[in-house]
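Encoded as structure tokens, the structure appears first; notes follow it.
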Amino acid sequence: MRLFEGKVGLVFGVANDRSIAWAMSQALRAEGAELAYTHLPGESSARRVRRLTEEHAPKLVLACDVQQDRDLDGVFRRVAETYGAIDFVIHSIAFAPPQELRKPYLETSREGWHLAMDISVYSLVAVARRAAAIMPQGGSIVTITYFGGEKVMPGYNVMGVCKAALEHSVRYLAWDLGRKAVRVNAISAGPMRTLSSAGVARFDEMREHAARKSCLGRNVEFRELGKAGLYLLGEMSDGVTGEVLHLDCGYSIVGL
């Protein structure tokens, strides 16, 4: 029997085939999971996600703007109507206005800071609250972070501050939801070439530096992120919650 046979999950954050959420989705599907997906509102986003997922014909591919409570309510209502309950959620959502990433954190605008925090951090809180309501037997929620939330990574700027807030949100959510048997964890991935990373200044330098400095002498691969998702979303990690799993080939432990 496959590891996720009979399990149902909801995936936020698939943008294209180079998404961390997509890498995790592929691994989950291979192990028998039934998945529902969300995408940004708009025809181009809808086409992109539907094209990616058409091979396994998911029952639900839904538009969702995570800044809008009515969108989130609508997504979880449809998921509840279709499946009754879910077992896990992938939250792979982050955004900061490109102009904010191009300037020092000191010069971040109030508007840009609030927008980045709302989408990148508060969305996890909003998603977790609604997900827990349809996890009567407990479940698992996984979000995606980066080492820039722990240490200064020049060029990551306001997004690093968002990741720090996201990681501590994971801990508080783990406490709030623990007695309901809902676990909340994060994967701190090494620098991955994704749609989001295109807006980060000096990203190629970050990747090259991480590969040189890491214990394994390379950067992490998408397939490895998929395997980590299987661990944190499945029964093998039943006693793990509130944790940040560094999946960066050992980069984060090296002090040089």
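Scheme for the structure tokens: letters A, B, ... for chains in order shown; per-chain residue numbers from 1; ligand numbers from 1 in order shown.
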Check your understanding: Counting only C-alpha atoms, what is within 7 Å of region 139-143 of chain A, bar same-chain residues fewer than 4 positions away, as a PyMOL selection string?
Key -> chain A and resi 87-92+135+181-187+233
**Study point:** Secondary structure check, helix (DSSP H, G or I) residues of region 128-246 of chain A, as a ChimeraX atom specification
**Key:** /A:128-133,147-149,158-178,196-199,203-213,222-233,235-237
Backbone-only DSSP, strand (DSSP E or B) members of region 73-191 of chain A, as a PDB file with C-alpha atoms, in the first residue's frame:
```
ATOM      1  CA  PHE A  88      -2.849  17.871   5.111  1.00  0.00           C
ATOM      2  CA  VAL A  89      -2.159  21.289   3.616  1.00  0.00           C
ATOM      3  CA  ILE A  90       0.853  22.624   1.720  1.00  0.00           C
ATOM      4  CA  HIS A  91       1.329  26.381   2.116  1.00  0.00           C
ATOM      5  CA  GLY A 139      -3.548  16.438  10.223  1.00  0.00           C
ATOM      6  CA  SER A 140      -0.410  18.184   9.057  1.00  0.00           C
ATOM      7  CA  ILE A 141       0.354  21.645   7.657  1.00  0.00           C
ATOM      8  CA  VAL A 142       3.683  22.433   6.014  1.00  0.00           C
ATOM      9  CA  THR A 143       4.945  25.832   4.878  1.00  0.00           C
ATOM     10  CA  ILE A 144       8.127  26.877   3.066  1.00  0.00           C
ATOM     11  CA  THR A 145      10.767  29.172   4.494  1.00  0.00           C
ATOM     12  CA  VAL A 182      -2.871  19.149  13.902  1.00  0.00           C
ATOM     13  CA  ARG A 183       0.864  19.509  13.345  1.00  0.00           C
ATOM     14  CA  VAL A 184       2.485  22.600  11.804  1.00  0.00           C
ATOM     15  CA  ASN A 185       6.041  22.562  10.438  1.00  0.00           C
ATOM     16  CA  ALA A 186       8.237  24.355   7.925  1.00  0.00           C
ATOM     17  CA  ILE A 187      10.836  23.296   5.384  1.00  0.00           C
ATOM     18  CA  SER A 188      13.745  25.713   5.075  1.00  0.00           C
ATOM     19  CA  ALA A 189      14.817  25.025   1.519  1.00  0.00           C
TER      20      ALA A 189
END
```
Practice item. Would you mind listing what lies within 8 Å of Lys7 (chain A) as a list in words, with only C-alpha atoms counted and same-chain residues fewer than 3 positions away left out? Key: Phe4, Gly32, Ala33, Glu34, Ile86 and Asp87 of chain A
Can you pull out the residues contacting Met159 (chain A)? Cut-off 8 Å, using only C-alpha atoms, and skip same-chain residues under 6 positions away; I want them as a CSV table (one decimal) with N, CA and C atoms, in the first residue's frame.
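Final output, part-v7.csv:
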```csv
chain,number,residue,atom,x,y,z
A,95,PHE,N,5.3,36.6,-1.2
A,95,PHE,CA,5.3,37.7,-2.2
A,95,PHE,C,5.8,39.0,-1.5
A,96,ALA,N,6.6,39.7,-2.2
A,96,ALA,CA,6.9,41.1,-1.8
A,96,ALA,C,7.0,41.9,-3.1
A,101,LEU,N,12.1,44.7,-2.9
A,101,LEU,CA,13.2,43.7,-2.8
A,101,LEU,C,14.5,44.3,-3.4
A,116,ALA,N,3.7,42.5,2.0
A,116,ALA,CA,4.5,41.3,2.0
A,116,ALA,C,4.2,40.4,3.2
A,148,GLY,N,17.2,33.0,5.1
A,148,GLY,CA,17.2,34.4,5.2
A,148,GLY,C,16.3,34.9,6.3
A,149,GLY,N,15.5,34.0,6.9
A,149,GLY,CA,14.7,34.4,8.0
A,149,GLY,C,15.5,34.3,9.3
```
Check your understanding: Neighbours of Thr53 (chain A) within 12 Å (only C-alpha atoms; same-chain residues fewer than 2 positions away dropped), as a list in words?
Key ->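 Here the answer would be Val11, Val14, Ala15, Asn16, Asp17, Trp22, Ser25, Gln26, Arg29, Glu34, Leu35, Ala36, Tyr37, Thr38, His39, Ala46, Arg47, Arg48, Val49, Arg50, Arg51, Glu55, His56, Ala57, Pro58, Lys59, Leu60 and Val61 of chain A.
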Point to revise | Among listed residues A:Ala30, A:Lys180, A:Leu62, A:Ile119, nearest Glu43 (chain A) (using only C-alpha atoms) | key: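 That would be A:Leu62, the residue with the smallest distance to Glu43 (chain A).
The shortest atom-to-atom distance to Gly160 (chain A), with only C-alpha atoms taken into account, belongs to A:Glu100 out of A:Lys213, A:Glu100, A:Tyr172, A:Ala128.
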Check your understanding: Got a sec: who's within 8 Å of region 214-218 of chain A, counting only C-alpha atoms, leaving out chain neighbours fewer than 3 positions off, as number ranges by chain?
Key -> A: 210-211, 248-252, 254
Written selection (C-alpha atoms) as an mmCIF file, in the first residue's frame:
```cif
data_model
loop_
_atom_site.group_PDB
_atom_site.id
_atom_site.type_symbol
_atom_site.label_atom_id
_atom_site.label_comp_id
_atom_site.auth_asym_id
_atom_site.auth_seq_id
_atom_site.Cartn_x
_atom_site.Cartn_y
_atom_site.Cartn_z
ATOM 1 C CA ALA A 210 25.318 28.140 -0.876
ATOM 2 C CA ALA A 211 26.681 25.383 -3.112
ATOM 3 C CA ASP A 248 19.882 22.855 2.223
ATOM 4 C CA CYS A 249 22.647 20.234 1.874
ATOM 5 C CA GLY A 250 24.065 21.342 5.219
ATOM 6 C CA TYR A 251 24.562 25.005 4.294
ATOM 7 C CA SER A 252 22.896 26.307 7.450
ATOM 8 C CA VAL A 254 28.514 25.907 8.446
#
```
Review point. So which one's closest to Gly242 (chain A), A:Ser169, A:Asn219, A:Ser120, A:Gln99? Using only C-alpha atoms, please.
Key: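 Closest residue, counting only C-alpha atoms: A:Ser169.
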**Study point:** Arg129 (chain A) surroundings by only C-alpha atoms, 12 Å radius, close-in-sequence under 2 positions cut, as a PyMOL selection string
**Key:** chain A and resi 69+72-73+76+89+122-127+131-135+141+173-174+176-177+180+182+184
File of the preceding selection, C-alpha atoms, as an mmCIF file, in the first residue's frame:
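Resulting contents of out12.cif:
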```cif
data_model
loop_
_atom_site.group_PDB
_atom_site.id
_atom_site.type_symbol
_atom_site.label_atom_id
_atom_site.label_comp_id
_atom_site.auth_asym_id
_atom_site.auth_seq_id
_atom_site.Cartn_x
_atom_site.Cartn_y
_atom_site.Cartn_z
ATOM 1 C CA ASP A 69 -11.267 36.077 3.381
ATOM 2 C CA LEU A 72 -10.412 31.440 1.473
ATOM 3 C CA ASP A 73 -13.871 30.711 2.855
ATOM 4 C CA PHE A 76 -12.472 25.555 2.161
ATOM 5 C CA VAL A 89 -2.159 21.289 3.616
ATOM 6 C CA TYR A 122 -0.759 36.032 7.694
ATOM 7 C CA SER A 123 -1.973 33.754 4.911
ATOM 8 C CA LEU A 124 -0.564 30.791 6.872
ATOM 9 C CA VAL A 125 -2.585 31.803 9.929
ATOM 10 C CA ALA A 126 -5.743 32.219 7.839
ATOM 11 C CA VAL A 127 -5.214 28.899 6.057
ATOM 12 C CA ALA A 131 -7.854 23.802 7.621
ATOM 13 C CA ALA A 132 -8.032 22.708 11.261
ATOM 14 C CA ALA A 133 -11.822 23.018 11.121
ATOM 15 C CA ILE A 134 -11.969 20.220 8.516
ATOM 16 C CA MET A 135 -9.314 17.983 10.105
ATOM 17 C CA ILE A 141 0.354 21.645 7.657
ATOM 18 C CA LEU A 173 0.258 27.643 15.442
ATOM 19 C CA ALA A 174 1.814 24.330 16.500
ATOM 20 C CA ASP A 176 -2.570 26.391 19.331
ATOM 21 C CA LEU A 177 -3.433 23.352 17.201
ATOM 22 C CA LYS A 180 -6.353 18.957 18.061
ATOM 23 C CA VAL A 182 -2.871 19.149 13.902
ATOM 24 C CA VAL A 184 2.485 22.600 11.804
#
```
